[in-house]
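Trainee: See final_28.pdb below, with PDB, C-alpha atoms.
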```pdb
ATOM      1  CA  MET Q   1      95.400 -93.176  25.733
ATOM      2  CA  SER Q   2      91.613 -92.819  25.882
ATOM      3  CA  GLU Q   3      89.710 -94.870  28.445
ATOM      4  CA  THR Q   4      87.790 -96.701  25.708
ATOM      5  CA  ARG Q   5      90.986 -97.672  23.897
ATOM      6  CA  HIS Q   6      92.499 -98.867  27.173
ATOM      7  CA  GLN Q   7      89.440-101.010  27.955
ATOM      8  CA  ILE Q   8      89.533-102.532  24.468
ATOM      9  CA  LEU Q   9      93.213-103.385  24.909
ATOM     10  CA  LYS Q  10      92.629-104.994  28.295
ATOM     11  CA  GLU Q  11      89.757-107.092  26.960
ATOM     12  CA  ALA Q  12      91.867-108.120  23.969
ATOM     13  CA  GLU Q  13      94.629-109.143  26.373
ATOM     14  CA  GLN Q  14      92.160-111.338  28.243
ATOM     15  CA  GLN Q  15      91.213-113.053  24.990
ATOM     16  CA  LEU Q  16      94.855-113.567  24.004
ATOM     17  CA  ILE Q  17      95.689-115.044  27.416
ATOM     18  CA  GLU Q  18      92.750-117.441  27.338
ATOM     19  CA  GLY Q  19      92.801-118.452  23.679
ATOM     20  CA  GLY Q  20      95.541-116.775  21.703
ATOM     21  CA  TYR Q  21      95.160-115.028  18.357
ATOM     22  CA  SER Q  22      92.360-117.311  17.182
ATOM     23  CA  ALA Q  23      90.203-116.260  20.159
ATOM     24  CA  LEU Q  24      90.453-112.535  19.409
ATOM     25  CA  ASN Q  25      86.978-111.330  18.420
ATOM     26  CA  PHE Q  26      85.797-107.754  17.834
ATOM     27  CA  GLY Q  27      82.169-108.683  18.410
ATOM     28  CA  ASP Q  28      82.827-110.275  21.788
ATOM     29  CA  ILE Q  29      84.879-107.273  22.878
ATOM     30  CA  ALA Q  30      82.130-104.882  21.825
ATOM     31  CA  GLU Q  31      79.498-106.912  23.664
ATOM     32  CA  THR Q  32      81.563-107.180  26.851
ATOM     33  CA  LEU Q  33      82.298-103.447  26.927
ATOM     34  CA  ASP Q  34      78.802-102.465  25.754
ATOM     35  CA  ILE Q  35      80.130-100.547  22.763
ATOM     36  CA  THR Q  36      79.660-100.991  19.018
ATOM     37  CA  ARG Q  37      81.937-102.987  16.745
ATOM     38  CA  GLN Q  38      82.498 -99.748  14.852
ATOM     39  CA  THR Q  39      83.988 -98.238  18.000
ATOM     40  CA  VAL Q  40      86.484-101.085  18.233
ATOM     41  CA  TYR Q  41      87.377-100.662  14.553
ATOM     42  CA  HIS Q  42      87.749 -96.915  15.099
ATOM     43  CA  HIS Q  43      90.594 -97.574  17.530
ATOM     44  CA  PHE Q  44      92.052-100.644  15.800
ATOM     45  CA  GLY Q  45      91.694-101.086  12.061
ATOM     46  CA  ASP Q  46      91.759-104.875  11.956
ATOM     47  CA  LYS Q  47      92.436-108.004  13.985
ATOM     48  CA  HIS Q  48      96.182-107.841  13.427
ATOM     49  CA  ASP Q  49      96.389-104.229  14.614
ATOM     50  CA  LEU Q  50      94.457-105.077  17.772
ATOM     51  CA  ALA Q  51      96.480-108.215  18.480
ATOM     52  CA  GLU Q  52      99.755-106.377  17.938
ATOM     53  CA  ALA Q  53      98.775-103.529  20.271
ATOM     54  CA  ALA Q  54      97.366-105.865  22.936
ATOM     55  CA  LEU Q  55     100.420-108.128  22.860
ATOM     56  CA  ASP Q  56     102.747-105.135  23.093
ATOM     57  CA  HIS Q  57     100.758-103.751  26.025
ATOM     58  CA  TYR Q  58     100.840-107.154  27.733
ATOM     59  CA  ARG Q  59     104.589-107.538  27.207
ATOM     60  CA  ARG Q  60     105.376-104.096  28.570
ATOM     61  CA  GLU Q  61     103.293-104.627  31.698
ATOM     62  CA  ASP Q  62     104.613-108.140  32.289
ATOM     63  CA  MET Q  63     108.228-106.985  32.011
ATOM     64  CA  ARG Q  64     107.533-103.943  34.184
ATOM     65  CA  VAL Q  65     106.335-106.214  36.985
ATOM     66  CA  LEU Q  66     109.208-108.668  36.488
ATOM     67  CA  ASN Q  67     111.789-105.868  36.503
ATOM     68  CA  GLU Q  68     110.319-104.503  39.731
ATOM     69  CA  GLN Q  69     110.732-107.932  41.293
ATOM     70  CA  ALA Q  70     114.240-108.174  39.843
ATOM     71  CA  ARG Q  71     115.241-104.960  41.585
ATOM     72  CA  ARG Q  72     113.861-106.277  44.863
ATOM     73  CA  TYR Q  73     115.551-109.667  44.545
ATOM     74  CA  ALA Q  74     118.628-108.576  42.580
ATOM     75  CA  GLU Q  75     120.906-111.108  44.290
ATOM     76  CA  ASN Q  76     118.375-113.725  45.369
ATOM     77  CA  PHE Q  77     116.933-115.567  42.383
ATOM     78  CA  PRO Q  78     115.306-118.301  44.529
ATOM     79  CA  ALA Q  79     113.225-115.650  46.301
ATOM     80  CA  LEU Q  80     112.346-113.999  42.993
ATOM     81  CA  PHE Q  81     111.311-117.293  41.417
ATOM     82  CA  ARG Q  82     109.038-118.149  44.331
ATOM     83  CA  THR Q  83     107.426-114.728  43.876
ATOM     84  CA  VAL Q  84     107.020-115.397  40.146
ATOM     85  CA  LEU Q  85     105.309-118.722  40.859
ATOM     86  CA  ARG Q  86     102.898-117.073  43.291
ATOM     87  CA  GLY Q  87     102.085-114.543  40.575
ATOM     88  CA  LEU Q  88     101.625-117.347  38.050
ATOM     89  CA  TRP Q  89      99.121-119.046  40.346
ATOM     90  CA  SER Q  90      97.264-115.769  40.811
ATOM     91  CA  ASP Q  91      97.080-115.294  37.031
ATOM     92  CA  LEU Q  92      95.789-118.839  36.531
ATOM     93  CA  ALA Q  93      93.066-118.358  39.136
ATOM     94  CA  GLU Q  94      92.106-114.979  37.657
ATOM     95  CA  HIS Q  95      91.556-116.608  34.268
ATOM     96  CA  ASP Q  96      89.780-119.649  35.723
ATOM     97  CA  PHE Q  97      92.714-121.826  34.631
ATOM     98  CA  ARG Q  98      92.065-121.103  30.935
ATOM     99  CA  GLY Q  99      95.449-119.433  30.469
ATOM    100  CA  PHE Q 100      98.231-117.495  32.148
ATOM    101  CA  CYS Q 101     100.382-115.814  29.474
ATOM    102  CA  ALA Q 102      99.417-114.109  26.218
ATOM    103  CA  CYS Q 103     102.839-114.810  24.718
ATOM    104  CA  VAL Q 104     102.556-118.539  25.410
ATOM    105  CA  GLU Q 105      99.171-118.705  23.675
ATOM    106  CA  VAL Q 106     100.228-116.608  20.681
ATOM    107  CA  GLY Q 107     103.555-118.398  20.361
ATOM    108  CA  THR Q 108     101.926-121.828  20.169
ATOM    109  CA  GLN Q 109      99.533-120.834  17.368
ATOM    110  CA  ALA Q 110     102.049-120.521  14.541
ATOM    111  CA  ASP Q 111      99.614-122.003  12.004
ATOM    112  CA  ALA Q 112      96.852-119.501  12.817
ATOM    113  CA  CYS Q 113      98.823-116.435  13.868
ATOM    114  CA  PRO Q 114     100.745-113.878  11.767
ATOM    115  CA  SER Q 115     104.470-114.596  11.884
ATOM    116  CA  ASP Q 116     105.422-111.179  13.262
ATOM    117  CA  LEU Q 117     103.223-111.738  16.316
ATOM    118  CA  CYS Q 118     104.774-115.160  16.907
ATOM    119  CA  GLU Q 119     108.180-113.490  16.698
ATOM    120  CA  ASP Q 120     107.078-110.907  19.274
ATOM    121  CA  ALA Q 121     105.910-113.686  21.589
ATOM    122  CA  ASP Q 122     109.222-115.496  21.150
ATOM    123  CA  ALA Q 123     111.135-112.275  21.850
ATOM    124  CA  HIS Q 124     109.291-111.918  25.148
ATOM    125  CA  GLN Q 125     110.403-115.353  26.311
ATOM    126  CA  ARG Q 126     113.987-114.667  25.228
ATOM    127  CA  GLU Q 127     113.921-111.378  27.141
ATOM    128  CA  THR Q 128     112.728-113.253  30.213
ATOM    129  CA  LEU Q 129     115.503-115.834  29.819
ATOM    130  CA  THR Q 130     118.122-113.086  29.521
ATOM    131  CA  LEU Q 131     116.887-111.406  32.694
ATOM    132  CA  TYR Q 132     116.734-114.715  34.564
ATOM    133  CA  ALA Q 133     120.311-115.555  33.549
ATOM    134  CA  GLU Q 134     121.550-112.133  34.673
ATOM    135  CA  LEU Q 135     119.826-112.479  38.044
ATOM    136  CA  ILE Q 136     121.175-115.995  38.474
ATOM    137  CA  ARG Q 137     124.734-114.788  37.844
ATOM    138  CA  ASN Q 138     124.232-112.007  40.402
ATOM    139  CA  SER Q 139     122.859-114.575  42.840
ATOM    140  CA  GLN Q 140     125.842-116.842  42.293
ATOM    141  CA  GLU Q 141     128.176-113.980  43.166
ATOM    142  CA  ALA Q 142     126.110-113.330  46.307
ATOM    143  CA  GLY Q 143     126.101-117.008  47.271
ATOM    144  CA  THR Q 144     122.332-117.531  47.058
ATOM    145  CA  ILE Q 145     122.760-119.924  44.101
ATOM    146  CA  ARG Q 146     125.507-122.508  43.646
ATOM    147  CA  SER Q 147     128.376-121.114  41.604
ATOM    148  CA  ASP Q 148     129.193-124.434  39.900
ATOM    149  CA  LEU Q 149     126.012-124.388  37.777
ATOM    150  CA  GLY Q 150     125.596-122.691  34.404
ATOM    151  CA  ALA Q 151     123.434-119.558  34.586
ATOM    152  CA  GLU Q 152     121.934-119.905  31.097
ATOM    153  CA  ARG Q 153     120.950-123.516  31.709
ATOM    154  CA  LEU Q 154     119.389-122.651  35.074
ATOM    155  CA  ALA Q 155     117.438-119.838  33.423
ATOM    156  CA  ARG Q 156     116.003-122.291  30.890
ATOM    157  CA  GLU Q 157     115.171-124.791  33.618
ATOM    158  CA  ALA Q 158     113.374-122.064  35.579
ATOM    159  CA  LEU Q 159     111.295-120.965  32.602
ATOM    160  CA  ALA Q 160     110.515-124.584  31.713
ATOM    161  CA  LEU Q 161     109.266-125.195  35.262
ATOM    162  CA  GLN Q 162     107.247-121.986  35.207
ATOM    163  CA  MET Q 163     105.528-122.831  31.910
ATOM    164  CA  GLY Q 164     105.142-126.483  32.796
ATOM    165  CA  ILE Q 165     103.384-125.698  36.059
ATOM    166  CA  GLY Q 166     101.070-123.306  34.230
ATOM    167  CA  GLU Q 167     100.214-125.766  31.472
ATOM    168  CA  MET Q 168      99.649-128.652  33.886
ATOM    169  CA  ALA Q 169      97.246-126.547  35.940
ATOM    170  CA  ARG Q 170      95.332-125.656  32.780
ATOM    171  CA  ILE Q 171      94.993-129.247  31.636
ATOM    172  CA  ILE Q 172      94.937-131.390  34.808
ATOM    173  CA  GLU Q 173      92.276-130.492  37.347
ATOM    174  CA  THR Q 174      94.122-132.097  40.262
ATOM    175  CA  GLU Q 175      96.991-129.664  39.650
ATOM    176  CA  ARG Q 176      94.688-126.793  40.592
ATOM    177  CA  GLN Q 177      94.621-127.600  44.295
ATOM    178  CA  ALA Q 178      96.178-125.260  46.840
ATOM    179  CA  ASP Q 179      99.483-127.167  46.942
ATOM    180  CA  PRO Q 180      99.829-129.066  43.639
ATOM    181  CA  PRO Q 181     102.585-131.661  43.108
ATOM    182  CA  ALA Q 182     104.180-129.635  40.303
ATOM    183  CA  ARG Q 183     104.944-126.796  42.690
ATOM    184  CA  ASP Q 184     106.707-129.285  44.966
ATOM    185  CA  LEU Q 185     108.968-130.097  42.006
ATOM    186  CA  ALA Q 186     109.850-126.414  41.736
ATOM    187  CA  GLU Q 187     110.771-126.337  45.421
ATOM    188  CA  GLN Q 188     112.921-129.442  44.992
ATOM    189  CA  TRP Q 189     114.680-127.776  42.064
ATOM    190  CA  LEU Q 190     115.286-124.617  44.096
ATOM    191  CA  ALA Q 191     116.639-126.656  47.014
ATOM    192  CA  ARG Q 192     119.104-128.313  44.617
ATOM    193  CA  ILE Q 193     120.474-125.050  43.217
ATOM    194  CA  GLU Q 194     120.460-122.822  46.311
ATOM    195  CA  GLY Q 195     123.827-121.634  47.565
ATOM    196  CA  PRO Q 196     125.168-121.289  51.122
ATOM    197  CA  ASN Q 197     123.737-117.784  51.593
ATOM    198  CA  ALA Q 198     120.224-118.548  50.326
ATOM    199  CA  SER Q 199     118.496-118.366  53.711
ATOM    200  CA  SER Q 200     120.228-115.204  54.857
ATOM    201  CA  GLY Q 201     119.662-113.574  51.478
ATOM    202  CA  SER Q 202     115.933-114.334  51.649
ATOM    203  CA  SER Q 203     115.498-112.892  55.122
ATOM    204  CA  GLU Q 204     117.388-109.729  54.268
ATOM    205  CA  THR Q 205     115.388-109.106  51.129
ATOM    206  CA  ASP Q 206     111.988-109.769  52.617
ATOM    207  CA  ALA Q 207     112.579-107.734  55.751
TER
END
```
Any chance you could put this one into structure tokens?

Mentor:
Amino acid sequence: MSETRHQILKEAEQQLIEGGYSALNFGDIAETLDITRQTVYHHFGDKHDLAEAALDHYRREDMRVLNEQARRYAENFPALFRTVLRGLWSDLAEHDFRGFCACVEVGTQADACPSDLCEDADAHQRETLTLYAELIRNSQEAGTIRSDLGAERLAREALALQMGIGEMARIIETERQADPPARDLAEQWLARIEGPNASSGSSETDA
């Protein structure tokens, strides 16, 4: 991939994260990168092509990072989820609390976004849920999560908390403080689901 194409993709990702498909603008990308609109069109024929490529690039990178964390915390979902929430907060701060996930923005713009892109965004969330459920089952076997709770339901609760914290921080300024109330809710949820080996599992993994 050429450096120019890579820069265009990264800038398009920024726009998707902060405003979804409707925010994607060739002119703004050209101005930010100090290139011509024709250069952007040379690499991506139209808005759909650019959005599709940027969303695919975003999804691959997001899952690469999540899979790395999954290997590190293969049997300790509570530790992984705390790491995910720290990453979420970092993403929010990086985007000045205008967004945190390209797939969330694209997926909530069904009226303005091509259906195939909305399907891609939905697929990303389902892939995340599948991975969460697998890690939760592994954690239940290792005793870091209670074995009497359903893995699929816990995976959905985790993703709902993750997205809810992100959306609240975007909308409510008081949720942007260093220790917002919504993150306390996540800790309360984790305390409720943690198994008998949660503490020992965390110390072993982080060592």

Trainee: Would you write out, as a VMD selection string, every residue that the PyMOL selection byres ((chain Q and resi 128-138) around 12) captures in this file?

Mentor: chain Q and resid 59 to 60 62 to 81 84 103 121 to 127 139 to 160 162 190 193 to 195

Trainee: Next, dump the selected residues to file, keeping only C-alpha atoms, as an mmCIF file, in the frame of the given file.

Mentor:
```cif
data_model
loop_
_atom_site.group_PDB
_atom_site.id
_atom_site.type_symbol
_atom_site.label_atom_id
_atom_site.label_comp_id
_atom_site.auth_asym_id
_atom_site.auth_seq_id
_atom_site.Cartn_x
_atom_site.Cartn_y
_atom_site.Cartn_z
ATOM 1 C CA ARG Q 59 104.589 -107.538 27.207
ATOM 2 C CA ARG Q 60 105.376 -104.096 28.570
ATOM 3 C CA ASP Q 62 104.613 -108.140 32.289
ATOM 4 C CA MET Q 63 108.228 -106.985 32.011
ATOM 5 C CA ARG Q 64 107.533 -103.943 34.184
ATOM 6 C CA VAL Q 65 106.335 -106.214 36.985
ATOM 7 C CA LEU Q 66 109.208 -108.668 36.488
ATOM 8 C CA ASN Q 67 111.789 -105.868 36.503
ATOM 9 C CA GLU Q 68 110.319 -104.503 39.731
ATOM 10 C CA GLN Q 69 110.732 -107.932 41.293
ATOM 11 C CA ALA Q 70 114.240 -108.174 39.843
ATOM 12 C CA ARG Q 71 115.241 -104.960 41.585
ATOM 13 C CA ARG Q 72 113.861 -106.277 44.863
ATOM 14 C CA TYR Q 73 115.551 -109.667 44.545
ATOM 15 C CA ALA Q 74 118.628 -108.576 42.580
ATOM 16 C CA GLU Q 75 120.906 -111.108 44.290
ATOM 17 C CA ASN Q 76 118.375 -113.725 45.369
ATOM 18 C CA PHE Q 77 116.933 -115.567 42.383
ATOM 19 C CA PRO Q 78 115.306 -118.301 44.529
ATOM 20 C CA ALA Q 79 113.225 -115.650 46.301
ATOM 21 C CA LEU Q 80 112.346 -113.999 42.993
ATOM 22 C CA PHE Q 81 111.311 -117.293 41.417
ATOM 23 C CA VAL Q 84 107.020 -115.397 40.146
ATOM 24 C CA CYS Q 103 102.839 -114.810 24.718
ATOM 25 C CA ALA Q 121 105.910 -113.686 21.589
ATOM 26 C CA ASP Q 122 109.222 -115.496 21.150
ATOM 27 C CA ALA Q 123 111.135 -112.275 21.850
ATOM 28 C CA HIS Q 124 109.291 -111.918 25.148
ATOM 29 C CA GLN Q 125 110.403 -115.353 26.311
ATOM 30 C CA ARG Q 126 113.987 -114.667 25.228
ATOM 31 C CA GLU Q 127 113.921 -111.378 27.141
ATOM 32 C CA SER Q 139 122.859 -114.575 42.840
ATOM 33 C CA GLN Q 140 125.842 -116.842 42.293
ATOM 34 C CA GLU Q 141 128.176 -113.980 43.166
ATOM 35 C CA ALA Q 142 126.110 -113.330 46.307
ATOM 36 C CA GLY Q 143 126.101 -117.008 47.271
ATOM 37 C CA THR Q 144 122.332 -117.531 47.058
ATOM 38 C CA ILE Q 145 122.760 -119.924 44.101
ATOM 39 C CA ARG Q 146 125.507 -122.508 43.646
ATOM 40 C CA SER Q 147 128.376 -121.114 41.604
ATOM 41 C CA ASP Q 148 129.193 -124.434 39.900
ATOM 42 C CA LEU Q 149 126.012 -124.388 37.777
ATOM 43 C CA GLY Q 150 125.596 -122.691 34.404
ATOM 44 C CA ALA Q 151 123.434 -119.558 34.586
ATOM 45 C CA GLU Q 152 121.934 -119.905 31.097
ATOM 46 C CA ARG Q 153 120.950 -123.516 31.709
ATOM 47 C CA LEU Q 154 119.389 -122.651 35.074
ATOM 48 C CA ALA Q 155 117.438 -119.838 33.423
ATOM 49 C CA ARG Q 156 116.003 -122.291 30.890
ATOM 50 C CA GLU Q 157 115.171 -124.791 33.618
ATOM 51 C CA ALA Q 158 113.374 -122.064 35.579
ATOM 52 C CA LEU Q 159 111.295 -120.965 32.602
ATOM 53 C CA ALA Q 160 110.515 -124.584 31.713
ATOM 54 C CA GLN Q 162 107.247 -121.986 35.207
ATOM 55 C CA LEU Q 190 115.286 -124.617 44.096
ATOM 56 C CA ILE Q 193 120.474 -125.050 43.217
ATOM 57 C CA GLU Q 194 120.460 -122.822 46.311
ATOM 58 C CA GLY Q 195 123.827 -121.634 47.565
#
```

Trainee: Rank Q:Ile165, Q:Leu24, Q:Leu55, Q:Ala191 by their smallest atom-to-atom distance to Leu117 of chain Q, using all atoms listed in the file, and report the top residue only.

Mentor: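 Going through Q:Ile165, Q:Leu24, Q:Leu55, Q:Ala191 one by one, the smallest distance to Leu117 of chain Q is for Q:Leu55.
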
Trainee: Of the residues Q:Met163, Q:Cys101, Q:Ala93, Q:Ala12, which is the one nearest to Arg176 of chain Q, using all atoms listed in the file?

Mentor: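 Checking each candidate against Arg176 of chain Q, we get Q:Ala93 as the closest.
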
Trainee: Provide the atom CA of Val40 of chain Q to atom CA of Glu52 of chain Q distance in Å, to one decimal place.

Mentor: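 Computing it gives 14.3 Å between the two atoms.
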
Trainee: Care to translate the PyMOL selection byres ((chain Q and resi 18) around 8) into actual residues of this file, as a list of chain:residue names?

Mentor: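 Selected by the PyMOL selection byres ((chain Q and resi 18) around 8) in this file: Q:Gln14, Q:Gln15, Q:Leu16, Q:Ile17, Q:Gly19, Q:Gly20, Q:Ala23, Q:His95, Q:Arg98, Q:Gly99, Q:Phe100, Q:Ala102, Q:Glu105.
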
Trainee: So which one's closest to Phe44 of chain Q, Q:Thr174, Q:Gln109, Q:Ser199, Q:Thr4? Using only C-alpha atoms, please.

Mentor: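 Looking at the shortest contact to Phe44 of chain Q, the residue is Q:Thr4.
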
Trainee: State, in Å with one decimal place, the distance from atom CA of Ala54 of chain Q to atom CA of Leu9 of chain Q.

Mentor: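 So the two atoms, atom CA of Ala54 of chain Q and atom CA of Leu9 of chain Q, lie 5.2 Å apart.
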
Trainee: Kindly indicate which residue among Q:His48, Q:Arg170, Q:His57, Q:His6 lies nearest to Leu33 of chain Q, using all atoms listed in the file for the distances.

Mentor: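 Of Q:His48, Q:Arg170, Q:His57, Q:His6, the one nearest Leu33 of chain Q is Q:His6, counting all atoms listed in the file.
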
Trainee: Hey, can you check how far atom CA of Cys118 of chain Q sits from atom CA of Asp91 of chain Q?

Mentor: 21.5 Å

Trainee: So which residues touch Glu175 of chain Q within 12 Å, counting only C-alpha atoms, skipping near sequence neighbours fewer than 5 positions away, as a PDB file with C-alpha atoms, in the frame of the given file?

Mentor:
```pdb
ATOM      1  CA  TRP Q  89      99.121-119.046  40.346  1.00  0.00           C
ATOM      2  CA  LEU Q  92      95.789-118.839  36.531  1.00  0.00           C
ATOM      3  CA  ALA Q  93      93.066-118.358  39.136  1.00  0.00           C
ATOM      4  CA  PHE Q  97      92.714-121.826  34.631  1.00  0.00           C
ATOM      5  CA  GLY Q 164     105.142-126.483  32.796  1.00  0.00           C
ATOM      6  CA  ILE Q 165     103.384-125.698  36.059  1.00  0.00           C
ATOM      7  CA  GLY Q 166     101.070-123.306  34.230  1.00  0.00           C
ATOM      8  CA  GLU Q 167     100.214-125.766  31.472  1.00  0.00           C
ATOM      9  CA  MET Q 168      99.649-128.652  33.886  1.00  0.00           C
ATOM     10  CA  ALA Q 169      97.246-126.547  35.940  1.00  0.00           C
ATOM     11  CA  ARG Q 170      95.332-125.656  32.780  1.00  0.00           C
ATOM     12  CA  PRO Q 180      99.829-129.066  43.639  1.00  0.00           C
ATOM     13  CA  PRO Q 181     102.585-131.661  43.108  1.00  0.00           C
ATOM     14  CA  ALA Q 182     104.180-129.635  40.303  1.00  0.00           C
ATOM     15  CA  ARG Q 183     104.944-126.796  42.690  1.00  0.00           C
ATOM     16  CA  ASP Q 184     106.707-129.285  44.966  1.00  0.00           C
TER      17      ASP Q 184
END
```

Trainee: Between Q:Glu3, Q:Leu161, Q:Glu61, Q:Glu31, which residue has the minimum interatomic distance to His43 of chain Q, considering all atoms listed in the file?

Mentor: Q:Glu3

Trainee: Between Q:Arg82, Q:Lys47, Q:Glu11, Q:Pro114, which one has atoms that come closest to Asp28 of chain Q, using all atoms listed in the file?

Mentor: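 Looking at the shortest contact to Asp28 of chain Q, the residue is Q:Glu11.
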
Trainee: Quick one: segment 5-17 of chain Q with N, CA and C atoms, as a PDB file, in the coordinates of the input?

Mentor:
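Saved to part.pdb:
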```pdb
ATOM      1  N   ARG Q   5      89.894 -96.922  24.527  1.00  0.00           N
ATOM      2  CA  ARG Q   5      90.986 -97.672  23.897  1.00  0.00           C
ATOM      3  C   ARG Q   5      91.663 -98.587  24.921  1.00  0.00           C
ATOM      4  N   HIS Q   6      91.870 -98.066  26.121  1.00  0.00           N
ATOM      5  CA  HIS Q   6      92.499 -98.867  27.173  1.00  0.00           C
ATOM      6  C   HIS Q   6      91.641-100.084  27.521  1.00  0.00           C
ATOM      7  N   GLN Q   7      90.333 -99.895  27.634  1.00  0.00           N
ATOM      8  CA  GLN Q   7      89.440-101.010  27.955  1.00  0.00           C
ATOM      9  C   GLN Q   7      89.447-102.056  26.848  1.00  0.00           C
ATOM     10  N   ILE Q   8      89.476-101.594  25.600  1.00  0.00           N
ATOM     11  CA  ILE Q   8      89.533-102.532  24.468  1.00  0.00           C
ATOM     12  C   ILE Q   8      90.818-103.355  24.536  1.00  0.00           C
ATOM     13  N   LEU Q   9      91.935-102.682  24.808  1.00  0.00           N
ATOM     14  CA  LEU Q   9      93.213-103.385  24.909  1.00  0.00           C
ATOM     15  C   LEU Q   9      93.197-104.431  26.018  1.00  0.00           C
ATOM     16  N   LYS Q  10      92.663-104.061  27.178  1.00  0.00           N
ATOM     17  CA  LYS Q  10      92.629-104.994  28.295  1.00  0.00           C
ATOM     18  C   LYS Q  10      91.754-106.200  27.980  1.00  0.00           C
ATOM     19  N   GLU Q  11      90.628-105.973  27.322  1.00  0.00           N
ATOM     20  CA  GLU Q  11      89.757-107.092  26.960  1.00  0.00           C
ATOM     21  C   GLU Q  11      90.431-107.973  25.910  1.00  0.00           C
ATOM     22  N   ALA Q  12      91.131-107.350  24.972  1.00  0.00           N
ATOM     23  CA  ALA Q  12      91.867-108.120  23.969  1.00  0.00           C
ATOM     24  C   ALA Q  12      92.964-108.953  24.631  1.00  0.00           C
ATOM     25  N   GLU Q  13      93.624-108.388  25.620  1.00  0.00           N
ATOM     26  CA  GLU Q  13      94.629-109.143  26.373  1.00  0.00           C
ATOM     27  C   GLU Q  13      94.013-110.380  27.015  1.00  0.00           C
ATOM     28  N   GLN Q  14      92.847-110.204  27.618  1.00  0.00           N
ATOM     29  CA  GLN Q  14      92.160-111.338  28.243  1.00  0.00           C
ATOM     30  C   GLN Q  14      91.925-112.446  27.215  1.00  0.00           C
ATOM     31  N   GLN Q  15      91.477-112.059  26.030  1.00  0.00           N
ATOM     32  CA  GLN Q  15      91.213-113.053  24.990  1.00  0.00           C
ATOM     33  C   GLN Q  15      92.500-113.737  24.538  1.00  0.00           C
ATOM     34  N   LEU Q  16      93.579-112.969  24.400  1.00  0.00           N
ATOM     35  CA  LEU Q  16      94.855-113.567  24.004  1.00  0.00           C
ATOM     36  C   LEU Q  16      95.352-114.546  25.060  1.00  0.00           C
ATOM     37  N   ILE Q  17      95.227-114.181  26.328  1.00  0.00           N
ATOM     38  CA  ILE Q  17      95.689-115.044  27.416  1.00  0.00           C
ATOM     39  C   ILE Q  17      94.904-116.346  27.454  1.00  0.00           C
TER      40      ILE Q  17
END
```
